[in-house]
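See below for the structure under consideration.
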Amino acid sequence: MKKISAVLISFNEEEKIERALSSLQGIADEIVVVDSHSTDRTAEICGRFTDRVIPRDWPGYREQKQFATAQASHSWVLSLDCDEQISSELQQELMDWKATPEGPQRGYLVPRMTRFMGRWIRHTTWYPDYQMRLFRADSGSWQGGRVHESFRLGQGLPSGRLQGHILHYTYSDLSEYLGQLDRFSSLAAADYLEGGKRVGGLRLVLTPPLVFIKNYLIRRGFLDGRAGLAVSALSAVSVLFKHLKLWELQRRASSPDQQPPEPSP
């Protein structure tokens, strides 16, 4: 039977992490949590589920997840975020998968479904949000910038898809969403600038409404009711924030007496 190491990274997640860890019971043969010196009860809660809670300074999302993956004792790694949960369907699917002979696949994409404004979002670009979350640690690496990190298999290595969902319990309210949007848009803008991306006035004006149309009409966000309308609008706002902050960084970078600041995580 194949064995799975579940890995998580955490910082002050006492309100969410117990649900994630509970959903791994019976699936994970090992749980590894890399914690960035939480000041709440996160480490205490993790200690109820595993003795492998590793304190480590915060180097960034990609680097922290790569380190956590490297701590796994088993070849197969299941990566889970603290605000996520393995659905009952995915639990059974993973148990069945563990009992089968190993095939050519070196990683599996898993659909993620997000709960927002009291309902599961089943349309817009939020769904199905396929993520490479089950993989052989020796078959790839975590890649990406300051945000939007993902595990990517080596070139040409085969992957598969699972049917059960990872359930994403995201923002508890609009204020939490806007707070994270402010932080993540700063990180994304810094990534864009480093990657050579530039933005002008025309893109600032045209992109947000196009994003709204894509989410609400083309990806049928209207079928998710008021939550779908909110997701579509917030997706447009997110793009606007990122581009405005990139525009600001461009202006600072072009000024001889100013350097673009490094946003904090």
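Just so we're on the same page: first chain in the structure tokens is A, next is B, and so on; residues restart at 1 for each chain, and ligands are numbered from 1 in the order they show up.
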
Got a sec: who's within 7 Å of range 153-157 of chain A, counting only C-alpha atoms, leaving out chain neighbours fewer than 2 positions off, as number ranges by chain?
-> A: 106, 139-141, 151, 159

Distance query range 55-63 of chain A at most 10 Å, only C-alpha atoms, self and fewer than 6 positions along chain excluded, as a short mmCIF file (atom, residue, chain, number, x, y, z; two decimals) with all heavy atoms, in the first residue's frame:
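The resulting file, selection-v7.cif, is shown below:
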```cif
data_model
loop_
_atom_site.label_atom_id
_atom_site.label_comp_id
_atom_site.auth_asym_id
_atom_site.auth_seq_id
_atom_site.Cartn_x
_atom_site.Cartn_y
_atom_site.Cartn_z
N ILE A 9 1.92 24.36 5.97
CA ILE A 9 2.68 25.46 6.56
C ILE A 9 1.69 26.33 7.32
O ILE A 9 0.53 26.48 6.91
CB ILE A 9 3.47 26.27 5.52
CG1 ILE A 9 2.52 26.96 4.53
CG2 ILE A 9 4.45 25.38 4.79
CD1 ILE A 9 3.23 27.96 3.60
N SER A 10 2.12 26.90 8.44
CA SER A 10 1.16 27.63 9.28
C SER A 10 1.78 28.85 9.93
O SER A 10 3.00 28.93 10.12
CB SER A 10 0.62 26.69 10.37
OG SER A 10 1.66 26.31 11.26
N PHE A 11 0.90 29.78 10.25
CA PHE A 11 1.23 30.93 11.11
C PHE A 11 -0.07 31.48 11.66
O PHE A 11 -0.92 31.98 10.91
CB PHE A 11 1.98 32.02 10.35
CG PHE A 11 2.25 33.24 11.20
CD1 PHE A 11 3.15 33.17 12.26
CD2 PHE A 11 1.58 34.43 10.98
CE1 PHE A 11 3.39 34.27 13.06
CE2 PHE A 11 1.81 35.55 11.77
CZ PHE A 11 2.72 35.46 12.82
N VAL A 33 3.95 19.65 9.88
CA VAL A 33 3.55 21.05 9.90
C VAL A 33 4.80 21.91 10.12
O VAL A 33 5.52 21.71 11.10
CB VAL A 33 2.52 21.35 11.01
CG1 VAL A 33 2.13 22.82 10.98
CG2 VAL A 33 1.29 20.46 10.85
N VAL A 34 5.05 22.83 9.20
CA VAL A 34 6.14 23.79 9.37
C VAL A 34 5.49 25.11 9.79
O VAL A 34 4.72 25.71 9.05
CB VAL A 34 6.94 23.97 8.07
CG1 VAL A 34 8.02 25.04 8.26
CG2 VAL A 34 7.58 22.64 7.66
N ASP A 35 5.78 25.53 11.02
CA ASP A 35 5.12 26.67 11.62
C ASP A 35 6.08 27.85 11.76
O ASP A 35 7.20 27.69 12.26
CB ASP A 35 4.56 26.29 12.99
CG ASP A 35 3.81 27.45 13.63
OD1 ASP A 35 2.73 27.78 13.14
OD2 ASP A 35 4.34 28.02 14.61
N SER A 36 5.62 29.02 11.35
CA SER A 36 6.47 30.22 11.37
C SER A 36 6.34 30.96 12.70
O SER A 36 6.02 32.15 12.75
CB SER A 36 6.11 31.14 10.20
OG SER A 36 6.26 30.48 8.97
N HIS A 37 6.59 30.22 13.79
CA HIS A 37 6.60 30.79 15.14
C HIS A 37 5.27 31.45 15.49
O HIS A 37 5.22 32.64 15.87
CB HIS A 37 7.75 31.79 15.29
CG HIS A 37 9.08 31.25 14.87
ND1 HIS A 37 9.72 30.23 15.55
CD2 HIS A 37 9.89 31.58 13.83
CE1 HIS A 37 10.87 29.96 14.94
NE2 HIS A 37 10.99 30.76 13.90
N SER A 38 4.19 30.69 15.38
CA SER A 38 2.87 31.21 15.72
C SER A 38 2.84 31.67 17.17
O SER A 38 3.46 31.07 18.05
CB SER A 38 1.81 30.12 15.52
OG SER A 38 1.63 29.84 14.15
N ALA A 43 0.45 25.77 17.28
CA ALA A 43 1.37 24.67 17.55
C ALA A 43 0.76 23.67 18.53
O ALA A 43 0.94 22.44 18.39
CB ALA A 43 2.70 25.20 18.08
N THR A 69 7.91 20.17 2.11
CA THR A 69 7.89 18.98 1.26
C THR A 69 9.14 18.14 1.47
O THR A 69 9.08 16.90 1.49
CB THR A 69 7.75 19.39 -0.22
OG1 THR A 69 6.50 20.08 -0.41
CG2 THR A 69 7.80 18.19 -1.14
N SER A 141 9.02 20.41 -8.19
CA SER A 141 9.36 21.39 -7.15
C SER A 141 8.29 22.46 -7.10
O SER A 141 7.49 22.63 -8.03
CB SER A 141 10.72 22.03 -7.43
OG SER A 141 10.69 22.73 -8.67
N TRP A 142 8.30 23.23 -6.00
CA TRP A 142 7.40 24.37 -5.86
C TRP A 142 7.97 25.53 -6.65
O TRP A 142 9.16 25.87 -6.52
CB TRP A 142 7.24 24.74 -4.40
CG TRP A 142 6.40 23.76 -3.64
CD1 TRP A 142 6.83 22.69 -2.93
CD2 TRP A 142 4.98 23.76 -3.56
NE1 TRP A 142 5.76 22.01 -2.40
CE2 TRP A 142 4.60 22.64 -2.77
CE3 TRP A 142 3.97 24.59 -4.07
CZ2 TRP A 142 3.28 22.35 -2.49
CZ3 TRP A 142 2.65 24.30 -3.79
CH2 TRP A 142 2.32 23.18 -3.00
N GLN A 143 7.14 26.14 -7.46
CA GLN A 143 7.56 27.25 -8.30
C GLN A 143 6.58 28.38 -8.19
O GLN A 143 5.47 28.23 -7.68
CB GLN A 143 7.71 26.79 -9.75
CG GLN A 143 8.77 25.70 -9.93
CD GLN A 143 8.93 25.27 -11.37
OE1 GLN A 143 8.75 26.07 -12.29
NE2 GLN A 143 9.26 24.01 -11.59
N GLY A 144 6.98 29.55 -8.68
CA GLY A 144 6.12 30.73 -8.62
C GLY A 144 6.85 31.89 -7.99
O GLY A 144 8.06 31.81 -7.69
N GLY A 145 6.13 32.98 -7.78
CA GLY A 145 6.73 34.17 -7.21
C GLY A 145 6.41 34.29 -5.73
O GLY A 145 6.37 33.30 -5.00
N ARG A 146 6.18 35.52 -5.30
CA ARG A 146 5.87 35.75 -3.88
C ARG A 146 4.49 35.20 -3.51
O ARG A 146 4.23 34.90 -2.35
CB ARG A 146 5.93 37.25 -3.58
CG ARG A 146 7.33 37.84 -3.73
CD ARG A 146 7.27 39.37 -3.64
NE ARG A 146 8.60 39.97 -3.69
CZ ARG A 146 9.25 40.21 -4.83
NH1 ARG A 146 8.70 39.89 -5.99
NH2 ARG A 146 10.45 40.77 -4.80
N VAL A 147 3.61 35.12 -4.50
CA VAL A 147 2.28 34.53 -4.31
C VAL A 147 2.01 33.59 -5.48
O VAL A 147 2.77 33.53 -6.44
CB VAL A 147 1.18 35.61 -4.22
CG1 VAL A 147 1.28 36.37 -2.93
CG2 VAL A 147 1.24 36.55 -5.42
N HIS A 148 0.91 32.85 -5.39
CA HIS A 148 0.49 31.93 -6.44
C HIS A 148 1.53 30.86 -6.72
O HIS A 148 1.81 30.50 -7.86
CB HIS A 148 0.17 32.70 -7.73
CG HIS A 148 -0.87 33.77 -7.54
ND1 HIS A 148 -2.09 33.53 -6.95
CD2 HIS A 148 -0.84 35.10 -7.83
CE1 HIS A 148 -2.78 34.66 -6.90
NE2 HIS A 148 -2.06 35.63 -7.41
N GLU A 149 2.10 30.34 -5.64
CA GLU A 149 3.06 29.24 -5.77
C GLU A 149 2.29 27.95 -6.08
O GLU A 149 1.13 27.78 -5.70
CB GLU A 149 3.88 29.09 -4.50
CG GLU A 149 3.15 28.48 -3.31
CD GLU A 149 2.08 29.37 -2.72
OE1 GLU A 149 2.12 30.59 -2.95
OE2 GLU A 149 1.19 28.82 -2.04
N SER A 150 2.94 27.04 -6.79
CA SER A 150 2.32 25.76 -7.11
C SER A 150 3.40 24.72 -7.32
O SER A 150 4.54 25.05 -7.67
CB SER A 150 1.44 25.86 -8.36
OG SER A 150 2.22 26.23 -9.49
N PHE A 151 3.05 23.46 -7.08
CA PHE A 151 3.99 22.37 -7.33
C PHE A 151 3.89 21.98 -8.79
O PHE A 151 2.79 21.73 -9.31
CB PHE A 151 3.69 21.16 -6.44
CG PHE A 151 4.76 20.11 -6.49
CD1 PHE A 151 5.84 20.17 -5.62
CD2 PHE A 151 4.70 19.07 -7.41
CE1 PHE A 151 6.85 19.22 -5.66
CE2 PHE A 151 5.70 18.12 -7.46
CZ PHE A 151 6.78 18.18 -6.59
N SER A 264 5.95 43.23 2.42
CA SER A 264 6.08 42.19 3.41
C SER A 264 5.07 41.09 3.14
O SER A 264 4.03 41.36 2.53
CB SER A 264 5.85 42.76 4.81
OG SER A 264 4.57 43.36 4.87
N PRO A 265 5.33 39.84 3.58
CA PRO A 265 4.37 38.76 3.34
C PRO A 265 3.12 38.94 4.14
O PRO A 265 3.10 39.62 5.14
CB PRO A 265 5.14 37.51 3.77
CG PRO A 265 6.25 37.97 4.62
CD PRO A 265 6.53 39.40 4.26
#
```

Among range 2-233 of chain A, which residues carry a DSSP assignment of alpha helix (DSSP H), reported as a ChimeraX atom specification?
-> /A:17-22,42-47,61-70,88-98,174-194,201-213,225-233

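With only C-alpha atoms taken into account, the protein and nucleic acid residues at most 10 Å from Ala233 in chain A (excluding it and anything under 6 positions from it in its own chain) are Pro208, Pro209, Val211, Phe212, Ile213, Asn215, Tyr216 and Ala227 of chain A.
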
Atoms to include: N, CA and C atoms. Write the selected residues as a CSV table (one decimal), in the first residue's frame.
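Final file, result-v5.csv:
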```csv
chain,number,residue,atom,x,y,z
A,208,PRO,N,-10.4,45.4,-15.8
A,208,PRO,CA,-11.3,45.0,-14.8
A,208,PRO,C,-12.7,44.7,-15.3
A,209,PRO,N,-13.3,45.5,-16.2
A,209,PRO,CA,-14.7,45.1,-16.7
A,209,PRO,C,-14.6,43.8,-17.5
A,211,VAL,N,-12.7,41.3,-16.9
A,211,VAL,CA,-12.6,40.2,-15.9
A,211,VAL,C,-14.0,39.9,-15.3
A,212,PHE,N,-14.7,41.0,-15.1
A,212,PHE,CA,-16.1,40.8,-14.5
A,212,PHE,C,-17.0,40.1,-15.5
A,213,ILE,N,-16.9,40.5,-16.8
A,213,ILE,CA,-17.7,39.8,-17.8
A,213,ILE,C,-17.4,38.3,-17.9
A,215,ASN,N,-16.1,36.3,-15.6
A,215,ASN,CA,-16.6,35.6,-14.5
A,215,ASN,C,-18.1,35.5,-14.4
A,216,TYR,N,-18.8,36.6,-14.6
A,216,TYR,CA,-20.2,36.7,-14.3
A,216,TYR,C,-21.1,36.1,-15.5
A,227,ALA,N,-23.6,35.6,-4.2
A,227,ALA,CA,-22.2,35.2,-4.0
A,227,ALA,C,-21.4,35.2,-5.3
```

What are the closest atom pairs, with distances in Å to one decimal, for each residue of range 187-236 of chain A lying within 12 Å of range 127-133 of chain A, using only C-alpha atoms, rows by chain and rising residue number, as a Markdown table?
```
| residue | atom | partner | partner_atom | distance |
| --- | --- | --- | --- | --- |
| A:Asn215 | CA | A:Tyr127 | CA | 10.3 |
| A:Arg219 | CA | A:Tyr127 | CA | 9.1 |
| A:Arg220 | CA | A:Tyr127 | CA | 10.6 |
| A:Gly221 | CA | A:Tyr127 | CA | 9.9 |
| A:Asp224 | CA | A:Tyr127 | CA | 11.2 |
| A:Gly228 | CA | A:Tyr127 | CA | 11.0 |
| A:Val231 | CA | A:Tyr127 | CA | 11.1 |
```

Keeping only C-alpha atoms, write the selected residues as a PDB file, in the first residue's frame.
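Saved result, selection28.pdb, follows:
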```pdb
ATOM      1  CA  ASN A 215     -16.599  35.599 -14.457  1.00  0.00           C
ATOM      2  CA  ARG A 219     -18.149  31.465 -16.562  1.00  0.00           C
ATOM      3  CA  ARG A 220     -21.789  31.757 -15.401  1.00  0.00           C
ATOM      4  CA  GLY A 221     -21.203  33.353 -12.036  1.00  0.00           C
ATOM      5  CA  ASP A 224     -24.199  31.320  -7.864  1.00  0.00           C
ATOM      6  CA  GLY A 228     -21.405  34.791  -7.738  1.00  0.00           C
ATOM      7  CA  VAL A 231     -16.934  36.945  -6.651  1.00  0.00           C
TER       8      VAL A 231
END
```

Could you give me the residues within range 74-172 of chain A that DSSP places in strand (DSSP E or B), as a PyMOL selection string?
-> chain A and resi 76-79+84-86+107-110+112-116+119-121+131-136+140-143+150-153+160-161+166-169

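Using only C-alpha atoms, the shortest contact distance between Ile218 in chain A and any of A:Ser255, A:Ser75, A:Thr114, A:Thr125 is found at A:Thr125.
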
Quick one: everything within 6 Å of range 23-31 of chain A, counting only C-alpha atoms, minus sequence neighbours fewer than 4 positions away in the same chain. Send it as an NGL selection string.
-> :A and (3-7 or 50 or 85-86)

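Taking only C-alpha atoms into account, Ala72 in chain A lies nearest to A:Ile54 out of the set A:Trp126, A:Arg19, A:Pro101, A:Ile54.
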
Quick one: residues within 12 Å of Lys242 in chain A, only C-alpha atoms counted, chain neighbours fewer than 2 positions away excluded, as JSON, numbers by chain?
-> {"A": [181, 182, 183, 184, 185, 186, 187, 188, 189, 190, 191, 192, 193, 197, 198, 199, 203, 204, 207, 208, 235, 236, 237, 238, 239, 240, 244, 245, 246, 247, 248, 249]}

So that I have them on file, write out the residues from the current selection with N, CA and C atoms, as an mmCIF file, in the first residue's frame.
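This went into part07.cif:
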```cif
data_model
loop_
_atom_site.group_PDB
_atom_site.id
_atom_site.type_symbol
_atom_site.label_atom_id
_atom_site.label_comp_id
_atom_site.auth_asym_id
_atom_site.auth_seq_id
_atom_site.Cartn_x
_atom_site.Cartn_y
_atom_site.Cartn_z
ATOM 1 N N LEU A 181 -6.504 40.858 0.087
ATOM 2 C CA LEU A 181 -6.322 41.416 -1.245
ATOM 3 C C LEU A 181 -5.263 42.512 -1.229
ATOM 4 N N ASP A 182 -5.276 43.340 -0.203
ATOM 5 C CA ASP A 182 -4.288 44.411 -0.100
ATOM 6 C C ASP A 182 -2.876 43.833 -0.006
ATOM 7 N N ARG A 183 -2.717 42.800 0.835
ATOM 8 C CA ARG A 183 -1.389 42.197 0.998
ATOM 9 C C ARG A 183 -0.944 41.466 -0.273
ATOM 10 N N PHE A 184 -1.810 40.621 -0.803
ATOM 11 C CA PHE A 184 -1.429 39.786 -1.938
ATOM 12 C C PHE A 184 -1.234 40.606 -3.215
ATOM 13 N N SER A 185 -2.007 41.666 -3.382
ATOM 14 C CA SER A 185 -1.839 42.484 -4.582
ATOM 15 C C SER A 185 -0.489 43.195 -4.571
ATOM 16 N N SER A 186 0.002 43.560 -3.394
ATOM 17 C CA SER A 186 1.332 44.164 -3.297
ATOM 18 C C SER A 186 2.415 43.162 -3.697
ATOM 19 N N LEU A 187 2.279 41.931 -3.219
ATOM 20 C CA LEU A 187 3.245 40.888 -3.564
ATOM 21 C C LEU A 187 3.191 40.570 -5.053
ATOM 22 N N ALA A 188 1.980 40.476 -5.607
ATOM 23 C CA ALA A 188 1.829 40.165 -7.025
ATOM 24 C C ALA A 188 2.415 41.278 -7.890
ATOM 25 N N ALA A 189 2.197 42.531 -7.498
ATOM 26 C CA ALA A 189 2.731 43.656 -8.263
ATOM 27 C C ALA A 189 4.258 43.624 -8.285
ATOM 28 N N ALA A 190 4.869 43.278 -7.156
ATOM 29 C CA ALA A 190 6.328 43.168 -7.109
ATOM 30 C C ALA A 190 6.818 42.052 -8.028
ATOM 31 N N ASP A 191 6.080 40.932 -8.069
ATOM 32 C CA ASP A 191 6.430 39.847 -8.992
ATOM 33 C C ASP A 191 6.329 40.309 -10.442
ATOM 34 N N TYR A 192 5.243 41.029 -10.762
ATOM 35 C CA TYR A 192 5.065 41.526 -12.127
ATOM 36 C C TYR A 192 6.233 42.420 -12.539
ATOM 37 N N LEU A 193 6.622 43.326 -11.649
ATOM 38 C CA LEU A 193 7.705 44.261 -11.971
ATOM 39 C C LEU A 193 9.002 43.510 -12.224
ATOM 40 N N LYS A 197 6.794 42.809 -16.508
ATOM 41 C CA LYS A 197 5.448 43.191 -16.926
ATOM 42 C C LYS A 197 5.229 44.668 -16.649
ATOM 43 N N ARG A 198 4.545 45.332 -17.569
ATOM 44 C CA ARG A 198 4.236 46.742 -17.410
ATOM 45 C C ARG A 198 2.753 46.963 -17.668
ATOM 46 N N VAL A 199 2.223 48.035 -17.116
ATOM 47 C CA VAL A 199 0.810 48.349 -17.277
ATOM 48 C C VAL A 199 0.662 49.823 -17.616
ATOM 49 N N ARG A 203 -4.902 49.516 -20.178
ATOM 50 C CA ARG A 203 -5.118 48.241 -19.484
ATOM 51 C C ARG A 203 -5.819 48.464 -18.149
ATOM 52 N N LEU A 204 -5.471 49.534 -17.454
ATOM 53 C CA LEU A 204 -6.132 49.832 -16.184
ATOM 54 C C LEU A 204 -7.637 50.018 -16.365
ATOM 55 N N THR A 207 -9.207 46.172 -18.417
ATOM 56 C CA THR A 207 -9.094 44.820 -17.870
ATOM 57 C C THR A 207 -10.133 44.496 -16.799
ATOM 58 N N PRO A 208 -10.366 45.352 -15.800
ATOM 59 C CA PRO A 208 -11.347 44.991 -14.759
ATOM 60 C C PRO A 208 -12.744 44.661 -15.296
ATOM 61 N N SER A 235 -13.196 39.818 -8.232
ATOM 62 C CA SER A 235 -12.134 39.402 -9.158
ATOM 63 C C SER A 235 -11.679 40.588 -10.004
ATOM 64 N N ALA A 236 -12.644 41.415 -10.419
ATOM 65 C CA ALA A 236 -12.300 42.611 -11.174
ATOM 66 C C ALA A 236 -11.522 43.600 -10.310
ATOM 67 N N VAL A 237 -11.959 43.767 -9.058
ATOM 68 C CA VAL A 237 -11.256 44.657 -8.128
ATOM 69 C C VAL A 237 -9.838 44.161 -7.876
ATOM 70 N N SER A 238 -9.677 42.836 -7.761
ATOM 71 C CA SER A 238 -8.353 42.264 -7.526
ATOM 72 C C SER A 238 -7.390 42.620 -8.649
ATOM 73 N N VAL A 239 -7.849 42.480 -9.886
ATOM 74 C CA VAL A 239 -7.002 42.830 -11.029
ATOM 75 C C VAL A 239 -6.674 44.325 -11.008
ATOM 76 N N LEU A 240 -7.670 45.144 -10.682
ATOM 77 C CA LEU A 240 -7.435 46.585 -10.620
ATOM 78 C C LEU A 240 -6.384 46.927 -9.566
ATOM 79 N N LEU A 244 -2.890 48.709 -10.435
ATOM 80 C CA LEU A 244 -2.612 50.020 -9.858
ATOM 81 C C LEU A 244 -1.309 50.011 -9.064
ATOM 82 N N LYS A 245 -1.090 48.931 -8.307
ATOM 83 C CA LYS A 245 0.139 48.852 -7.519
ATOM 84 C C LYS A 245 1.355 48.643 -8.407
ATOM 85 N N LEU A 246 1.187 47.911 -9.508
ATOM 86 C CA LEU A 246 2.286 47.788 -10.466
ATOM 87 C C LEU A 246 2.595 49.145 -11.086
ATOM 88 N N TRP A 247 1.557 49.885 -11.424
ATOM 89 C CA TRP A 247 1.732 51.230 -11.984
ATOM 90 C C TRP A 247 2.499 52.120 -11.011
ATOM 91 N N GLU A 248 2.153 52.016 -9.733
ATOM 92 C CA GLU A 248 2.851 52.791 -8.713
ATOM 93 C C GLU A 248 4.320 52.381 -8.620
ATOM 94 N N LEU A 249 4.590 51.072 -8.652
ATOM 95 C CA LEU A 249 5.967 50.597 -8.588
ATOM 96 C C LEU A 249 6.762 51.022 -9.815
#
```

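Proximity of A:His165, A:Lys65, A:Arg122, A:Lys16 to Asp83 in chain A, computed with only C-alpha atoms, is greatest for A:Lys16.
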
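In this comparison, which uses only C-alpha atoms, the residue of A:Trp97, A:Phe241, A:Phe67, A:Phe135 approaching Lys2 in chain A most closely is A:Trp97.
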